[in-house]
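Enquirer: Handing you this structure, nothing more for now.
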Amino acid sequence: MKARVQKATKNLSPKQMEKVFLKVAAYFNVLSEPSRLRIMYAVCSGEKSVSEVVEMCGSSQANVSRHLMALHKAGILLRRKEGVTVYYSIADNATVDICQSVCSKIAESIH
């Protein structure tokens, strides 16, 4: 993993690296909301309609829709419309890996 980061950033200037850091911080900011993590947990097992996500998360449709849109805008979720039903799925498996890794670490510390 470290070699991958070094390869990707090897030829970047300090100014370009600052842009990378700002975008990474914005990316993690999207994931810093517990409701969005619940949604990621619901959707990581496969594509779900908005109503399925609402049911799984136990939140209002308006609240879930707002968070789904933020995750979609960040490029974390894909959005597909079929008739009047909107479906969401994972766009970025790297984000799922990050979330699962951190959740596992935290869950293990709770036991």
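Just so we're on the same page: first chain in the structure tokens is A, next is B, and so on; residues restart at 1 for each chain, and ligands are numbered from 1 in the order they show up.
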Identify, on the basis of only C-alpha atoms, every residue whose closest approach to Thr85 (chain A) does not exceed 9 Å; exclude the query and any residue fewer than 6 positions from it along the same chain; express the result as a ChimeraX atom specification.

Expert: /A:49-51

Enquirer: From chain A, collect each residue whose DSSP state is strand (DSSP E or B) and return the set as a list of chain:residue names.

Expert: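 Taking chain A and keeping strand (DSSP E or B) only, one gets A:Lys48, A:Ser49, A:Leu77, A:Leu78, A:Arg79, A:Arg80, A:Lys81, A:Glu82, A:Thr85, A:Val86, A:Tyr87, A:Tyr88, A:Ser89, A:Ile90.
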
Enquirer: Please measure the separation of CA of Met69 (chain A) and CA of Lys105 (chain A), giving the value in Å to one decimal.

Expert: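 Here the two named atoms are 27.7 Å from each other.
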
Enquirer: Rounded to one decimal place, report the CA of Lys48 (chain A)-CA of Tyr88 (chain A) distance in Å.

Expert: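 Separation of CA of Lys48 (chain A) and CA of Tyr88 (chain A): 5.5 Å.
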
Enquirer: In region 24-105 of chain A, what's alpha helix (DSSP H) per DSSP? Answer as a PyMOL selection string?

Expert: chain A and resi 24-30+34-43+50-57+61-73+93-105

Enquirer: For Arg66 (chain A), please output as an NGL selection string all residues within 12 Å (counting only C-alpha atoms; exclusion window: fewer than 2 positions along the same chain).

Expert: :A and (30 or 33 or 35-36 or 39 or 50 or 54 or 59-64 or 68-73)

Enquirer: Restricting it to all heavy atoms, dump the selection as a CSV table (one decimal), in the first residue's frame.

Expert:
chain,number,residue,atom,x,y,z
A,30,VAL,N,-16.9,13.4,4.2
A,30,VAL,CA,-18.2,12.8,3.8
A,30,VAL,C,-18.5,11.5,4.6
A,30,VAL,O,-19.6,11.3,5.0
A,30,VAL,CB,-18.1,12.4,2.3
A,30,VAL,CG1,-19.3,11.6,1.9
A,30,VAL,CG2,-18.0,13.7,1.4
A,33,GLU,N,-19.9,11.2,9.0
A,33,GLU,CA,-21.3,11.2,9.5
A,33,GLU,C,-21.8,9.8,9.7
A,33,GLU,O,-21.8,9.0,8.8
A,33,GLU,CB,-22.2,11.9,8.4
A,33,GLU,CG,-23.7,11.8,8.6
A,33,GLU,CD,-24.1,12.4,10.0
A,33,GLU,OE1,-23.8,13.5,10.3
A,33,GLU,OE2,-24.9,11.7,10.6
A,35,SER,N,-24.7,8.5,10.0
A,35,SER,CA,-25.8,8.1,9.1
A,35,SER,C,-25.3,7.6,7.7
A,35,SER,O,-25.8,6.6,7.1
A,35,SER,CB,-26.8,9.2,8.8
A,35,SER,OG,-27.4,9.6,10.0
A,36,ARG,N,-24.2,8.2,7.2
A,36,ARG,CA,-23.6,7.8,6.0
A,36,ARG,C,-22.9,6.5,6.1
A,36,ARG,O,-23.0,5.6,5.2
A,36,ARG,CB,-22.7,8.9,5.5
A,36,ARG,CG,-23.5,10.1,5.1
A,36,ARG,CD,-22.6,11.2,4.5
A,36,ARG,NE,-23.4,12.4,4.4
A,36,ARG,CZ,-22.9,13.6,4.5
A,36,ARG,NH1,-21.6,13.8,4.7
A,36,ARG,NH2,-23.7,14.7,4.4
A,39,ILE,N,-25.6,3.9,5.9
A,39,ILE,CA,-26.0,3.7,4.5
A,39,ILE,C,-25.0,2.8,3.8
A,39,ILE,O,-25.3,1.9,3.1
A,39,ILE,CB,-26.2,5.0,3.9
A,39,ILE,CG1,-27.5,5.7,4.4
A,39,ILE,CG2,-26.3,4.9,2.3
A,39,ILE,CD1,-27.6,7.2,4.0
A,50,VAL,N,-33.9,3.2,-2.6
A,50,VAL,CA,-33.9,4.2,-1.5
A,50,VAL,C,-34.8,3.7,-0.4
A,50,VAL,O,-34.5,3.8,0.8
A,50,VAL,CB,-34.4,5.6,-2.0
A,50,VAL,CG1,-34.6,6.5,-0.9
A,50,VAL,CG2,-33.4,6.2,-3.0
A,54,VAL,N,-33.8,3.1,3.5
A,54,VAL,CA,-34.6,3.8,4.5
A,54,VAL,C,-35.0,2.7,5.6
A,54,VAL,O,-34.8,2.9,6.8
A,54,VAL,CB,-35.9,4.5,4.0
A,54,VAL,CG1,-36.8,4.9,5.1
A,54,VAL,CG2,-35.5,5.7,3.2
A,59,SER,N,-34.3,5.4,9.4
A,59,SER,CA,-34.3,6.9,9.4
A,59,SER,C,-35.4,7.4,8.4
A,59,SER,O,-35.9,6.6,7.7
A,59,SER,CB,-32.9,7.4,9.0
A,59,SER,OG,-32.8,8.8,9.1
A,60,SER,N,-35.6,8.7,8.4
A,60,SER,CA,-36.6,9.2,7.5
A,60,SER,C,-36.1,9.2,6.0
A,60,SER,O,-34.9,9.2,5.8
A,60,SER,CB,-37.0,10.6,7.9
A,60,SER,OG,-35.9,11.5,7.5
A,61,GLN,N,-37.1,9.1,5.1
A,61,GLN,CA,-36.7,9.1,3.7
A,61,GLN,C,-36.0,10.3,3.3
A,61,GLN,O,-35.0,10.3,2.6
A,61,GLN,CB,-38.0,8.9,2.9
A,61,GLN,CG,-37.8,8.5,1.4
A,61,GLN,CD,-37.7,9.7,0.5
A,61,GLN,OE1,-38.2,10.7,0.7
A,61,GLN,NE2,-36.9,9.5,-0.6
A,62,ALA,N,-36.4,11.5,3.8
A,62,ALA,CA,-35.7,12.7,3.5
A,62,ALA,C,-34.3,12.7,4.0
A,62,ALA,O,-33.4,13.2,3.2
A,62,ALA,CB,-36.5,13.9,4.1
A,63,ASN,N,-34.1,12.3,5.2
A,63,ASN,CA,-32.7,12.2,5.7
A,63,ASN,C,-31.8,11.3,4.9
A,63,ASN,O,-30.7,11.6,4.6
A,63,ASN,CB,-32.8,11.8,7.2
A,63,ASN,CG,-31.4,12.0,7.9
A,63,ASN,OD1,-30.7,12.9,7.7
A,63,ASN,ND2,-31.1,11.0,8.8
A,64,VAL,N,-32.3,10.1,4.6
A,64,VAL,CA,-31.6,9.1,3.9
A,64,VAL,C,-31.2,9.6,2.5
A,64,VAL,O,-30.1,9.5,2.0
A,64,VAL,CB,-32.3,7.7,3.8
A,64,VAL,CG1,-31.7,6.8,2.8
A,64,VAL,CG2,-32.3,7.1,5.2
A,68,LEU,N,-27.6,9.9,0.9
A,68,LEU,CA,-27.3,9.2,-0.4
A,68,LEU,C,-26.8,10.1,-1.4
A,68,LEU,O,-25.8,9.8,-2.1
A,68,LEU,CB,-28.6,8.5,-0.9
A,68,LEU,CG,-29.0,7.2,-0.2
A,68,LEU,CD1,-30.4,6.8,-0.5
A,68,LEU,CD2,-28.0,6.1,-0.4
A,69,MET,N,-27.4,11.3,-1.5
A,69,MET,CA,-26.9,12.3,-2.5
A,69,MET,C,-25.5,12.7,-2.2
A,69,MET,O,-24.7,12.9,-3.1
A,69,MET,CB,-27.9,13.5,-2.6
A,69,MET,CG,-27.6,14.4,-3.7
A,69,MET,SD,-27.6,13.7,-5.4
A,69,MET,CE,-29.3,13.1,-5.4
A,70,ALA,N,-25.2,13.0,-1.0
A,70,ALA,CA,-23.8,13.3,-0.6
A,70,ALA,C,-22.8,12.3,-0.9
A,70,ALA,O,-21.7,12.5,-1.5
A,70,ALA,CB,-23.7,13.7,0.9
A,71,LEU,N,-23.2,11.0,-0.7
A,71,LEU,CA,-22.3,9.9,-1.0
A,71,LEU,C,-22.1,9.7,-2.5
A,71,LEU,O,-21.0,9.4,-3.0
A,71,LEU,CB,-22.8,8.6,-0.4
A,71,LEU,CG,-22.7,8.5,1.1
A,71,LEU,CD1,-23.6,7.4,1.7
A,71,LEU,CD2,-21.2,8.3,1.6
A,72,HIS,N,-23.2,10.0,-3.2
A,72,HIS,CA,-23.2,9.9,-4.7
A,72,HIS,C,-22.3,11.0,-5.3
A,72,HIS,O,-21.4,10.8,-6.1
A,72,HIS,CB,-24.6,10.0,-5.3
A,72,HIS,CG,-24.6,10.0,-6.8
A,72,HIS,ND1,-24.8,11.2,-7.5
A,72,HIS,CD2,-24.5,9.0,-7.7
A,72,HIS,CE1,-24.8,10.9,-8.8
A,72,HIS,NE2,-24.6,9.6,-8.9
A,73,LYS,N,-22.5,12.2,-4.8
A,73,LYS,CA,-21.7,13.4,-5.2
A,73,LYS,C,-20.2,13.2,-5.0
A,73,LYS,O,-19.4,13.6,-5.8
A,73,LYS,CB,-22.2,14.6,-4.5
A,73,LYS,CG,-21.6,15.9,-5.0
A,73,LYS,CD,-22.2,17.1,-4.3
A,73,LYS,CE,-21.6,18.4,-4.8
A,73,LYS,NZ,-22.1,19.6,-4.1

Enquirer: Can you check which parts of region 35-84 of chain A lie within 8 Å of region 91-98 of chain A? Per residue, the shortest pair of atoms and distance in Å to one decimal, counting only C-alpha atoms, sorted by chain and number, as JSON lines.

Expert:
{"residue": "A:Met40", "atom": "CA", "partner": "A:Val96", "partner_atom": "CA", "distance": 7.5}
{"residue": "A:Cys44", "atom": "CA", "partner": "A:Val96", "partner_atom": "CA", "distance": 7.0}
{"residue": "A:Gly75", "atom": "CA", "partner": "A:Ala91", "partner_atom": "CA", "distance": 6.6}
{"residue": "A:Ile76", "atom": "CA", "partner": "A:Ala91", "partner_atom": "CA", "distance": 5.2}
{"residue": "A:Leu77", "atom": "CA", "partner": "A:Ala91", "partner_atom": "CA", "distance": 4.6}
{"residue": "A:Leu78", "atom": "CA", "partner": "A:Ala91", "partner_atom": "CA", "distance": 5.1}

Enquirer: Would you save the residues of that selection, restricted to all heavy atoms, as a PDB file, in the first residue's frame?

Expert:
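Ended up saving to selection-v8.pdb:
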ATOM      1  N   MET A  40     -23.698   3.114   3.995  1.00  0.00           N
ATOM      2  CA  MET A  40     -22.641   2.318   3.352  1.00  0.00           C
ATOM      3  C   MET A  40     -22.759   0.851   3.772  1.00  0.00           C
ATOM      4  O   MET A  40     -22.639  -0.049   2.951  1.00  0.00           O
ATOM      5  CB  MET A  40     -21.257   2.846   3.742  1.00  0.00           C
ATOM      6  CG  MET A  40     -20.899   4.175   3.139  1.00  0.00           C
ATOM      7  SD  MET A  40     -20.553   4.076   1.391  1.00  0.00           S
ATOM      8  CE  MET A  40     -19.151   2.971   1.386  1.00  0.00           C
ATOM      9  N   CYS A  44     -23.386  -1.963   0.972  1.00  0.00           N
ATOM     10  CA  CYS A  44     -22.200  -2.753   0.602  1.00  0.00           C
ATOM     11  C   CYS A  44     -22.530  -4.219   0.319  1.00  0.00           C
ATOM     12  O   CYS A  44     -21.756  -4.905  -0.338  1.00  0.00           O
ATOM     13  CB  CYS A  44     -21.080  -2.613   1.620  1.00  0.00           C
ATOM     14  SG  CYS A  44     -21.290  -3.500   3.148  1.00  0.00           S
ATOM     15  N   GLY A  75     -18.712  10.454  -5.184  1.00  0.00           N
ATOM     16  CA  GLY A  75     -18.229   9.359  -6.019  1.00  0.00           C
ATOM     17  C   GLY A  75     -18.132   8.031  -5.301  1.00  0.00           C
ATOM     18  O   GLY A  75     -17.537   7.085  -5.812  1.00  0.00           O
ATOM     19  N   ILE A  76     -18.726   7.947  -4.133  1.00  0.00           N
ATOM     20  CA  ILE A  76     -18.673   6.728  -3.338  1.00  0.00           C
ATOM     21  C   ILE A  76     -19.780   5.760  -3.750  1.00  0.00           C
ATOM     22  O   ILE A  76     -19.590   4.555  -3.743  1.00  0.00           O
ATOM     23  CB  ILE A  76     -18.742   7.066  -1.836  1.00  0.00           C
ATOM     24  CG1 ILE A  76     -17.494   7.877  -1.448  1.00  0.00           C
ATOM     25  CG2 ILE A  76     -18.884   5.822  -0.983  1.00  0.00           C
ATOM     26  CD1 ILE A  76     -17.556   8.514  -0.081  1.00  0.00           C
ATOM     27  N   LEU A  77     -20.944   6.307  -4.106  1.00  0.00           N
ATOM     28  CA  LEU A  77     -22.072   5.487  -4.547  1.00  0.00           C
ATOM     29  C   LEU A  77     -22.444   5.795  -5.992  1.00  0.00           C
ATOM     30  O   LEU A  77     -22.298   6.928  -6.451  1.00  0.00           O
ATOM     31  CB  LEU A  77     -23.305   5.736  -3.670  1.00  0.00           C
ATOM     32  CG  LEU A  77     -23.227   5.345  -2.208  1.00  0.00           C
ATOM     33  CD1 LEU A  77     -24.562   5.637  -1.515  1.00  0.00           C
ATOM     34  CD2 LEU A  77     -22.853   3.890  -2.033  1.00  0.00           C
ATOM     35  N   LEU A  78     -22.933   4.772  -6.676  1.00  0.00           N
ATOM     36  CA  LEU A  78     -23.524   4.928  -8.009  1.00  0.00           C
ATOM     37  C   LEU A  78     -25.021   5.051  -7.849  1.00  0.00           C
ATOM     38  O   LEU A  78     -25.603   4.480  -6.915  1.00  0.00           O
ATOM     39  CB  LEU A  78     -23.209   3.710  -8.882  1.00  0.00           C
ATOM     40  CG  LEU A  78     -21.754   3.484  -9.245  1.00  0.00           C
ATOM     41  CD1 LEU A  78     -21.602   2.148  -9.986  1.00  0.00           C
ATOM     42  CD2 LEU A  78     -21.221   4.624 -10.098  1.00  0.00           C
TER      43      LEU A  78
END

Enquirer: What is the CA of Tyr41 (chain A)-CA of Glu55 (chain A) distance in Å, reported with one decimal?

Expert: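 The value is 12.8 Å.
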
Enquirer: If you count only C-alpha atoms, which residues fall within 8 Å of Val43 (chain A), apart from same-chain ones fewer than 6 positions away, as a count of residues only?

Expert: 4

Enquirer: Using only C-alpha atoms, which protein or nucleic acid residues come within 8 Å of Leu37 (chain A)? Drop anything in the same chain fewer than 5 positions from it, and give the result as a list in words.

Expert: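 Answer for this query is Leu31, Ser32 and Cys99 of chain A.
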
Enquirer: Ranking A:Val5, A:Val86, A:Ala42, A:Ala74 by minimum distance to Lys23 (chain A) and counting only C-alpha atoms, which one comes first?

Expert: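 Smallest distance to Lys23 (chain A) is found for A:Ala74.
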